[in-house]
file entry.cif (mmCIF, C-alpha atoms)
data_query
loop_
_atom_site.label_atom_id
_atom_site.label_comp_id
_atom_site.auth_asym_id
_atom_site.auth_seq_id
_atom_site.Cartn_x
_atom_site.Cartn_y
_atom_site.Cartn_z
CA MET P 1 7.12 36.23 -44.73
CA LYS P 2 7.87 35.44 -48.40
CA LYS P 3 9.37 32.09 -47.38
CA LEU P 4 6.21 31.30 -45.41
CA LEU P 5 4.03 32.12 -48.42
CA LEU P 6 6.15 29.84 -50.58
CA LEU P 7 5.53 27.00 -48.14
CA TYR P 8 1.72 27.12 -48.57
CA PRO P 9 1.67 25.55 -52.09
CA ILE P 10 4.08 22.85 -50.95
CA ILE P 11 1.98 22.01 -47.88
CA LEU P 12 -1.19 21.96 -49.99
CA PHE P 13 0.45 19.63 -52.51
CA LEU P 14 1.58 17.26 -49.75
CA VAL P 15 -1.89 17.19 -48.20
CA LEU P 16 -3.55 16.44 -51.54
CA ALA P 17 -0.98 13.75 -52.29
CA ALA P 18 -1.56 12.14 -48.91
CA CYS P 19 -5.33 12.14 -49.49
CA LYS P 20 -4.85 10.63 -52.91
CA ASP P 21 -2.58 7.91 -51.52
CA GLN P 22 -5.09 7.18 -48.77
CA GLU P 23 -7.91 6.84 -51.29
CA GLY P 24 -5.73 4.66 -53.48
CA SER P 25 -5.07 2.33 -50.56
CA HIS P 26 -8.80 1.62 -50.38
CA PRO P 27 -9.95 1.09 -53.97
CA GLU P 28 -13.55 0.53 -54.93
CA ARG P 29 -14.49 -3.14 -54.74
CA ALA P 30 -17.63 -4.58 -56.25
CA TYR P 31 -20.32 -6.53 -54.41
CA THR P 32 -23.57 -8.20 -55.44
CA ILE P 33 -26.92 -8.41 -53.70
CA GLU P 34 -29.31 -11.24 -54.52
CA GLY P 35 -32.82 -11.15 -53.09
CA SER P 36 -35.91 -13.28 -53.48
CA PHE P 37 -39.41 -12.93 -52.06
CA ASP P 38 -41.52 -15.87 -50.91
CA VAL P 39 -44.72 -14.02 -50.05
CA ASP P 40 -48.39 -14.31 -50.89
CA SER P 41 -50.43 -11.94 -53.02
CA THR P 42 -51.37 -9.77 -50.04
CA ILE P 43 -47.89 -8.23 -49.96
CA VAL P 44 -47.48 -5.43 -52.49
CA LEU P 45 -43.91 -5.24 -53.79
CA ASP P 46 -44.23 -2.31 -56.16
CA HIS P 47 -41.75 0.57 -55.90
CA LEU P 48 -38.94 -1.29 -54.17
CA VAL P 49 -36.06 1.06 -53.35
CA LEU P 50 -32.58 0.25 -52.09
CA TYR P 51 -30.92 3.01 -50.04
CA THR P 52 -27.14 2.78 -49.68
CA ASP P 53 -25.42 4.69 -46.90
CA ARG P 54 -21.75 4.97 -47.86
CA HIS P 55 -21.08 7.12 -44.77
CA THR P 56 -20.03 9.96 -47.05
CA GLY P 57 -23.31 10.15 -48.96
CA LEU P 58 -26.63 8.41 -49.50
CA LEU P 59 -27.51 6.67 -52.77
CA PHE P 60 -30.83 5.17 -53.79
CA ASP P 61 -31.84 2.86 -56.63
CA SER P 62 -35.18 1.47 -57.74
CA LEU P 63 -35.40 -2.32 -57.96
CA ASP P 64 -37.49 -4.34 -60.39
CA LEU P 65 -38.49 -7.91 -59.58
CA ASN P 66 -38.40 -10.58 -62.25
CA PRO P 67 -41.35 -13.00 -62.72
CA GLN P 68 -39.82 -15.25 -60.04
CA HIS P 69 -40.05 -12.39 -57.49
CA SER P 70 -36.28 -12.01 -57.22
CA PHE P 71 -33.74 -9.29 -58.01
CA GLU P 72 -30.00 -8.77 -58.37
CA TYR P 73 -28.12 -5.56 -57.66
CA SER P 74 -24.45 -4.63 -58.14
CA GLY P 75 -22.67 -2.00 -56.10
CA SER P 76 -19.18 -1.05 -54.98
CA THR P 77 -17.60 0.24 -51.81
CA ARG P 78 -14.26 1.25 -50.33
CA SER P 79 -15.10 -0.19 -46.92
CA LEU P 80 -18.55 -1.21 -45.65
CA ASP P 81 -21.91 0.00 -46.95
CA GLU P 82 -25.07 0.04 -44.86
CA LEU P 83 -28.14 -0.71 -46.98
CA TYR P 84 -31.89 -0.42 -46.45
CA LEU P 85 -34.45 -2.26 -48.59
CA CYS P 86 -37.76 -0.40 -48.56
CA SER P 87 -41.19 -0.65 -50.14
CA ASP P 88 -44.17 1.68 -50.07
CA GLY P 89 -45.02 0.20 -46.66
CA GLY P 90 -41.68 1.21 -45.14
CA GLU P 91 -38.38 -0.48 -44.35
CA LEU P 92 -38.23 -4.23 -45.05
CA CYS P 93 -34.72 -4.92 -43.78
CA ARG P 94 -31.30 -3.42 -43.08
CA PHE P 95 -28.06 -5.15 -43.96
CA TYR P 96 -24.40 -4.59 -44.84
CA ALA P 97 -22.16 -5.18 -47.86
CA THR P 98 -18.40 -5.11 -48.30
CA GLY P 99 -16.25 -5.66 -51.35
CA ASN P 100 -15.92 -8.97 -53.19
CA VAL P 101 -18.94 -10.59 -51.51
CA THR P 102 -22.42 -11.65 -52.52
CA VAL P 103 -25.19 -10.86 -50.06
CA SER P 104 -27.98 -13.39 -50.54
CA MET P 105 -31.31 -12.92 -48.77
CA ARG P 106 -34.73 -14.50 -48.74
CA LEU P 107 -37.71 -12.47 -47.63
CA ASN P 108 -40.57 -14.52 -46.20
CA MET P 109 -43.92 -13.89 -44.58
CA ALA P 110 -43.93 -13.38 -40.81
CA GLY P 111 -47.52 -12.65 -39.88
CA ASP P 112 -48.51 -9.43 -41.64
CA SER P 113 -44.91 -8.39 -42.21
CA VAL P 114 -41.84 -9.59 -44.10
CA LYS P 115 -38.71 -11.08 -42.48
CA ALA P 116 -35.30 -11.33 -44.14
CA THR P 117 -33.08 -14.41 -43.82
CA PHE P 118 -29.46 -14.24 -44.99
CA ASP P 119 -27.57 -17.09 -46.64
CA SER P 120 -24.06 -17.71 -45.29
CA SER P 121 -23.00 -19.91 -48.22
CA LYS P 122 -22.36 -16.94 -50.55
CA GLY P 123 -19.29 -15.64 -48.73
CA ASP P 124 -21.20 -13.08 -46.66
CA SER P 125 -19.73 -13.28 -43.16
CA ILE P 126 -21.49 -10.23 -41.70
CA ASN P 127 -25.27 -10.45 -42.13
CA PRO P 128 -25.76 -14.16 -41.26
CA TRP P 129 -23.54 -13.73 -38.18
CA LEU P 130 -25.50 -10.68 -36.97
CA GLN P 131 -28.74 -12.53 -37.61
CA GLN P 132 -27.55 -15.53 -35.60
CA GLN P 133 -26.25 -13.43 -32.71
CA THR P 134 -29.40 -11.32 -32.54
CA ALA P 135 -31.56 -14.45 -32.34
CA PHE P 136 -29.27 -15.79 -29.60
CA PHE P 137 -29.50 -12.55 -27.59
CA HIS P 138 -33.30 -12.77 -27.69
CA THR P 139 -33.05 -16.01 -25.69
CA LEU P 140 -30.95 -14.45 -22.89
CA LEU P 141 -32.00 -12.56 -19.78
CA GLY P 142 -30.53 -9.16 -18.88
CA PRO P 143 -27.29 -10.16 -17.05
CA ALA P 144 -26.59 -12.97 -19.53
CA LYS P 145 -26.86 -10.51 -22.44
CA LYS P 146 -24.10 -8.38 -20.93
CA ASP P 147 -21.89 -11.40 -20.30
CA ALA P 148 -22.32 -12.55 -23.90
CA MET P 149 -21.59 -9.10 -25.34
CA ASP P 150 -18.58 -8.58 -23.10
CA SER P 151 -17.18 -11.96 -24.16
CA LEU P 152 -17.59 -11.20 -27.88
CA CYS P 153 -15.97 -7.77 -27.65
CA HIS P 154 -12.93 -9.13 -25.82
CA GLN P 155 -12.62 -12.25 -27.95
CA TYR P 156 -12.95 -10.50 -31.34
CA THR P 157 -11.39 -7.12 -30.65
CA HIS P 158 -10.70 -6.35 -34.34
CA ASP P 159 -14.06 -7.52 -35.70
CA ILE P 160 -16.40 -4.76 -36.88
CA ARG P 161 -19.30 -7.17 -36.48
CA CYS P 162 -18.99 -6.75 -32.70
CA GLY P 163 -19.35 -2.98 -33.07
CA LEU P 164 -22.42 -3.41 -35.29
CA LEU P 165 -24.00 -5.88 -32.88
CA LEU P 166 -23.27 -3.62 -29.92
CA ARG P 167 -25.07 -0.74 -31.63
CA ASP P 168 -28.08 -2.95 -32.35
CA GLN P 169 -28.27 -4.06 -28.71
CA ILE P 170 -28.05 -0.63 -27.05
CA GLU P 171 -31.77 -0.45 -26.36
CA VAL P 172 -31.79 -4.00 -24.99
CA LEU P 173 -28.73 -3.56 -22.75
CA LYS P 174 -30.01 -0.25 -21.29
CA ASP P 175 -26.59 0.54 -19.80
CA SER P 176 -24.54 3.30 -21.44
CA ILE P 177 -21.56 2.74 -19.13
CA PHE P 178 -21.41 -0.92 -20.10
CA VAL P 179 -21.63 0.01 -23.79
CA ARG P 180 -18.72 2.44 -23.39
CA ARG P 181 -16.70 -0.24 -21.62
CA CYS P 182 -17.28 -2.68 -24.47
CA LEU P 183 -16.22 -0.02 -26.96
CA GLY P 184 -13.02 0.41 -24.97
CA GLY P 185 -12.24 -3.25 -25.53
CA LEU P 186 -12.57 -2.95 -29.32
CA ALA P 187 -9.73 -1.94 -31.63
CA ASP P 188 -10.11 1.09 -33.89
CA ASP P 189 -10.79 -1.03 -36.98
CA ALA P 190 -13.81 -2.55 -35.22
CA LYS P 191 -15.33 0.88 -34.52
CA PRO P 192 -14.77 3.26 -37.46
CA ASP P 193 -15.70 6.92 -37.07
CA TRP P 194 -19.10 6.58 -38.77
CA LEU P 195 -20.08 3.74 -36.44
CA MET P 196 -18.90 5.59 -33.33
CA LYS P 197 -20.94 8.65 -34.35
CA SER P 198 -24.00 6.43 -34.83
CA ILE P 199 -23.47 4.79 -31.42
CA ASP P 200 -22.99 8.17 -29.74
CA ARG P 201 -26.20 9.42 -31.33
CA THR P 202 -28.11 6.31 -30.25
CA LEU P 203 -26.83 6.61 -26.68
CA GLU P 204 -27.81 10.27 -26.60
CA GLU P 205 -31.33 9.52 -27.84
CA SER P 206 -31.67 6.67 -25.34
CA SER P 207 -30.82 8.99 -22.45
CA ARG P 208 -33.63 11.44 -23.11
CA LYS P 209 -36.61 11.48 -20.73
CA PRO P 210 -38.99 10.43 -22.06
CA ARG P 211 -36.99 9.12 -25.01
CA PRO P 212 -38.83 8.38 -28.29
CA SER P 213 -37.86 4.71 -28.30
CA ARG P 214 -38.80 4.11 -24.64
CA ARG P 215 -41.09 1.13 -24.27
CA LEU P 216 -44.46 1.62 -22.60
CA ALA P 217 -44.87 -0.51 -19.48
CA PRO P 218 -47.12 -3.50 -20.21
CA CYS P 219 -50.59 -3.39 -18.71
CA VAL P 220 -54.13 -4.63 -19.26
CA MET P 221 -57.11 -2.30 -19.56
CA GLN P 222 -60.83 -2.87 -19.83
CA THR P 223 -62.13 -1.10 -22.91
CA ASP P 224 -65.68 -0.64 -24.11
CA SER P 225 -65.50 -3.87 -26.11
CA THR P 226 -62.73 -6.11 -24.73
CA ASN P 227 -59.79 -6.50 -22.37
CA PHE P 228 -56.74 -5.10 -24.16
CA ASP P 229 -53.31 -6.42 -23.18
CA PHE P 230 -50.50 -4.11 -24.26
CA SER P 231 -47.94 -6.90 -23.85
CA ALA P 232 -49.76 -9.31 -26.18
CA SER P 233 -48.46 -9.92 -29.69
CA ARG P 234 -50.07 -7.74 -32.35
CA SER P 235 -49.39 -6.52 -35.88
CA ASP P 236 -50.81 -2.99 -35.51
CA TYR P 237 -49.22 0.22 -34.33
CA LEU P 238 -51.21 2.15 -31.73
CA LEU P 239 -52.30 5.78 -31.74
CA ILE P 240 -53.00 6.40 -28.04
CA PHE P 241 -54.91 9.51 -27.02
CA ILE P 242 -55.38 10.39 -23.33
CA TRP P 243 -58.00 12.98 -22.44
CA GLY P 244 -60.39 14.24 -19.73
CA ASP P 245 -63.48 16.37 -19.26
CA TYR P 246 -61.59 19.11 -17.37
CA SER P 247 -59.58 19.88 -20.51
CA PRO P 248 -61.71 21.36 -23.32
CA THR P 249 -58.66 21.14 -25.60
CA SER P 250 -58.49 17.40 -25.12
CA ILE P 251 -62.22 17.01 -25.82
CA ASP P 252 -61.85 18.97 -29.07
CA SER P 253 -58.72 17.03 -30.02
CA LEU P 254 -60.51 13.70 -29.57
CA LYS P 255 -62.34 14.06 -32.89
CA VAL P 256 -59.20 15.34 -34.65
CA VAL P 257 -57.16 12.31 -33.55
CA ALA P 258 -60.02 9.97 -34.48
CA ASP P 259 -60.17 11.47 -37.98
CA LEU P 260 -56.42 10.94 -38.38
CA ALA P 261 -56.58 7.26 -37.40
CA ASN P 262 -59.80 6.28 -39.11
CA ASP P 263 -59.96 8.52 -42.18
CA GLU P 264 -56.62 10.04 -43.24
CA TYR P 265 -54.45 7.05 -42.27
CA ASP P 266 -56.97 4.21 -42.45
CA MET P 267 -54.66 2.48 -44.96
CA LYS P 268 -52.05 2.03 -42.21
CA ARG P 269 -51.63 -0.81 -39.73
CA LEU P 270 -52.89 1.53 -37.05
CA GLN P 271 -55.40 1.17 -34.21
CA LEU P 272 -56.83 4.02 -32.16
CA VAL P 273 -56.90 3.65 -28.36
CA THR P 274 -58.42 6.45 -26.28
CA ILE P 275 -58.17 6.67 -22.48
CA CYS P 276 -60.40 9.05 -20.56
CA LEU P 277 -59.02 10.12 -17.16
CA SER P 278 -61.99 12.17 -16.02
CA ALA P 279 -65.71 12.05 -16.81
CA PRO P 280 -68.93 12.91 -14.89
CA ASP P 281 -70.12 9.33 -15.39
CA SER P 282 -69.89 6.39 -17.79
CA THR P 283 -72.88 7.62 -19.82
CA TRP P 284 -71.17 10.93 -20.59
CA TRP P 285 -67.97 9.08 -21.57
CA ARG P 286 -69.80 6.64 -23.86
CA GLN P 287 -71.65 9.49 -25.58
CA ARG P 288 -68.30 11.03 -26.52
CA THR P 289 -66.79 7.81 -27.87
CA HIS P 290 -69.54 5.49 -29.14
CA GLU P 291 -69.35 6.77 -32.75
CA ILE P 292 -65.54 6.66 -32.87
CA GLU P 293 -63.94 3.53 -34.33
CA GLY P 294 -61.32 2.17 -31.94
CA LEU P 295 -60.84 0.95 -28.38
CA HIS P 296 -61.95 3.24 -25.56
CA ALA P 297 -61.18 3.02 -21.83
CA TRP P 298 -62.18 5.08 -18.79
CA PHE P 299 -59.86 5.27 -15.77
CA PRO P 300 -61.87 6.83 -12.89
CA ALA P 301 -58.66 7.17 -10.83
CA GLY P 302 -57.29 9.57 -13.45
CA LEU P 303 -53.63 10.55 -13.27
CA SER P 304 -53.24 8.58 -10.03
CA ASP P 305 -54.02 5.32 -11.82
CA GLU P 306 -50.99 3.04 -11.47
CA ARG P 307 -50.90 2.40 -15.22
CA MET P 308 -50.73 6.12 -15.97
CA ARG P 309 -47.97 6.60 -13.39
CA LYS P 310 -45.92 3.85 -15.05
CA TRP P 311 -46.43 5.59 -18.39
CA ASP P 312 -45.34 8.91 -16.84
CA ILE P 313 -48.56 10.65 -17.90
CA LEU P 314 -48.59 14.11 -16.30
CA ASN P 315 -51.37 15.96 -18.11
CA VAL P 316 -54.00 15.80 -20.83
CA PRO P 317 -54.19 15.80 -23.73
CA THR P 318 -51.36 13.33 -24.31
CA VAL P 319 -50.81 11.59 -27.62
CA ILE P 320 -48.46 8.63 -28.16
CA VAL P 321 -47.66 6.58 -31.24
CA CYS P 322 -46.10 3.19 -30.44
CA ASP P 323 -45.17 0.21 -32.58
CA MET P 324 -46.26 -3.41 -32.20
CA TYR P 325 -43.62 -3.90 -29.49
CA ASN P 326 -44.83 -0.91 -27.42
CA ASN P 327 -41.79 1.22 -28.38
CA GLN P 328 -42.83 4.86 -28.42
CA GLN P 329 -42.25 6.44 -31.81
CA ILE P 330 -43.31 9.93 -30.73
CA ARG P 331 -44.93 11.44 -27.66
CA ASN P 332 -46.84 14.72 -27.43
CA GLU P 333 -45.93 15.78 -30.94
CA TRP P 334 -48.65 17.40 -33.01
CA GLY P 335 -49.20 18.79 -36.47
CA GLN P 336 -46.66 17.86 -39.13
CA ARG P 337 -44.52 15.78 -36.74
CA LEU P 338 -47.49 13.61 -35.82
CA ARG P 339 -48.49 13.20 -39.46
CA ALA P 340 -44.93 12.30 -40.44
CA SER P 341 -44.86 9.59 -37.77
CA LEU P 342 -48.19 8.16 -38.90
CA GLY P 343 -46.98 8.25 -42.49
CA ARG P 344 -44.12 5.92 -41.55
CA VAL P 345 -46.48 3.26 -40.19
CA PRO P 346 -46.55 0.23 -42.57
CA ASN P 347 -49.55 -0.09 -44.88
CA ARG P 348 -52.07 -2.84 -44.37
CA SER P 349 -51.50 -5.84 -46.64
CA SER P 350 -53.14 -5.57 -50.09
CA PHE P 351 -54.73 -2.26 -49.13
CA THR P 352 -56.48 -0.29 -51.86
CA HIS P 353 -57.13 3.21 -50.68
CA ILE P 354 -60.79 4.09 -51.15
CA PRO P 355 -61.89 7.15 -49.18
CA LYS P 356 -64.50 6.26 -46.59
CA PRO P 357 -67.96 7.79 -46.87
CA ILE P 358 -67.71 10.15 -43.95
CA ALA P 359 -71.43 10.91 -43.97
CA ASN P 360 -72.23 7.28 -43.23
CA ARG P 361 -70.13 7.29 -40.09
CA GLY P 362 -72.52 9.44 -38.13
CA ARG P 363 -70.32 12.47 -37.82
#

call {"tool": "encode", "arguments": {"input": "entry.cif", "output": "structure tokens"}}
result
Amino acid sequence: MKKLLLLYPIILFLVLAACKDQEGSHPERAYTIEGSFDVDSTIVLDHLVLYTDRHTGLLFDSLDLNPQHSFEYSGSTRSLDELYLCSDGGELCRFYATGNVTVSMRLNMAGDSVKATFDSSKGDSINPWLQQQTAFFHTLLGPAKKDAMDSLCHQYTHDIRCGLLLRDQIEVLKDSIFVRRCLGGLADDAKPDWLMKSIDRTLEESSRKPRPSRRLAPCVMQTDSTNFDFSASRSDYLLIFIWGDYSPTSIDSLKVVADLANDEYDMKRLQLVTICLSAPDSTWWRQRTHEIEGLHAWFPAGLSDERMRKWDILNVPTVIVCDMYNNQQIRNEWGQRLRASLGRVPNRSSFTHIPKPIANRGR
């Protein structure tokens, strides 16, 4: 027993020495990030923050732009850092940095939002490649996407860029078995532990029914003011509220949801859409909605309407927040979870928050 006790300090020393040697084999290496904004005055760039995920901890730094609307940031890493550039309106872009490189990006206007373009001439081999491959995948149909991904993973088995691209394309591929097969073709250095955990988590979230990122089926509906096409390009998020006269809770919640969209979060790129599934007649429905700012539709067929079946609507009230691409952010979450989701919606360009005169809105 005494001999065994004497072994403990020796084992502990060897373990610590091994850890130290392992850390020493991956020393900190510096990298630089250069960014410039080419945007008009409608984009507010105050309070820029750079979040750095080092996979062992999260760092954040405030960024100040010079008069030319550009910035430079220096960091260091032992392997590969995942970075997020954010403003008050939310995330502007995500990118990666490894040692001894300069990541150079230009952020330009793309409608009401900002798009990042990465420069490959600065020695950055990751971000421009991912940007190019992502654009290429957007041009392919479903089977061709799988062929392209399978080819990359078997051609560049030791390239971590393939693992990063595979993670980004999980929602597009919609095939967990195929994703696992591609992972099997990659070497360990192309799929480090932190990336595998992230992929596992993404696959798990994608398998949930209904999953938060599931895209609403495109459809067209006649509202009180226009035909609204859910598949058409738009810059606003949607707060969708589905209700009916047989549910007093849904009738009461109609005003609450309207207040959220039009008063509390009126600074957000957010549009309210209400869908009534049951009403005595159109007059009754219009009386309930005519003072509410937003788009309002009445589906006399109720839950049996084909559009509601495709959306998997089973009861009322139902609330959904979806982005400009119809990806559901949350579904049937209320209270603080709903407010947190609305808080993440980007702000409207050049918005100055002035509380609306509620009394003048006829409520």

call {"tool": "residues_around", "arguments": {"input": "entry.cif", "residues": "Pro317 in chain P", "least_positions_apart": "4", "cutoff": "7 Å", "atoms": "only C-alpha atoms", "output": "PyMOL selection string"}}
result
chain P and resi 242-243+250

call {"tool": "atom_distance", "arguments": {"input": "entry.cif", "atom1": "CA of Phe299 in chain P", "atom2": "CA of Ile275 in chain P"}}
result
7.1 Å

call {"tool": "atom_distance", "arguments": {"input": "entry.cif", "atom1": "CA of Ser176 in chain P", "atom2": "CA of Lys146 in chain P"}}
result
11.7 Å

call {"tool": "resolve_selection", "arguments": {"input": "entry.cif", "expression": "the PyMOL selection byres ((chain P and resi 169) around 12)", "output": "ChimeraX atom specification"}}
result
/P:130,133-138,142,145-146,148-149,162-168,170-176,178-179,182,199,202-203,206

call {"tool": "atom_distance", "arguments": {"input": "entry.cif", "atom1": "CA of Asn347 in chain P", "atom2": "CA of Ser198 in chain P"}}
result
28.2 Å

call {"tool": "closest_residue", "arguments": {"input": "entry.cif", "among": "P:Leu238, P:Ile160, P:Leu270, P:Ala261", "to": "Tyr325 in chain P", "atoms": "all atoms listed in the file"}}
result
P:Leu238

call {"tool": "closest_residue", "arguments": {"input": "entry.cif", "among": "P:Ile251, P:Met196, P:Ala297, P:Ala187", "to": "Thr223 in chain P", "atoms": "all atoms listed in the file"}}
result
P:Ala297

call {"tool": "residues_around", "arguments": {"input": "entry.cif", "residues": "Thr77 in chain P", "least_positions_apart": "3", "cutoff": "7 Å", "atoms": "all atoms listed in the file", "output": "list in words"}}
result
Glu28, Arg29, Ala30, Leu80, Asp81, Thr98 and Gly99 of chain P
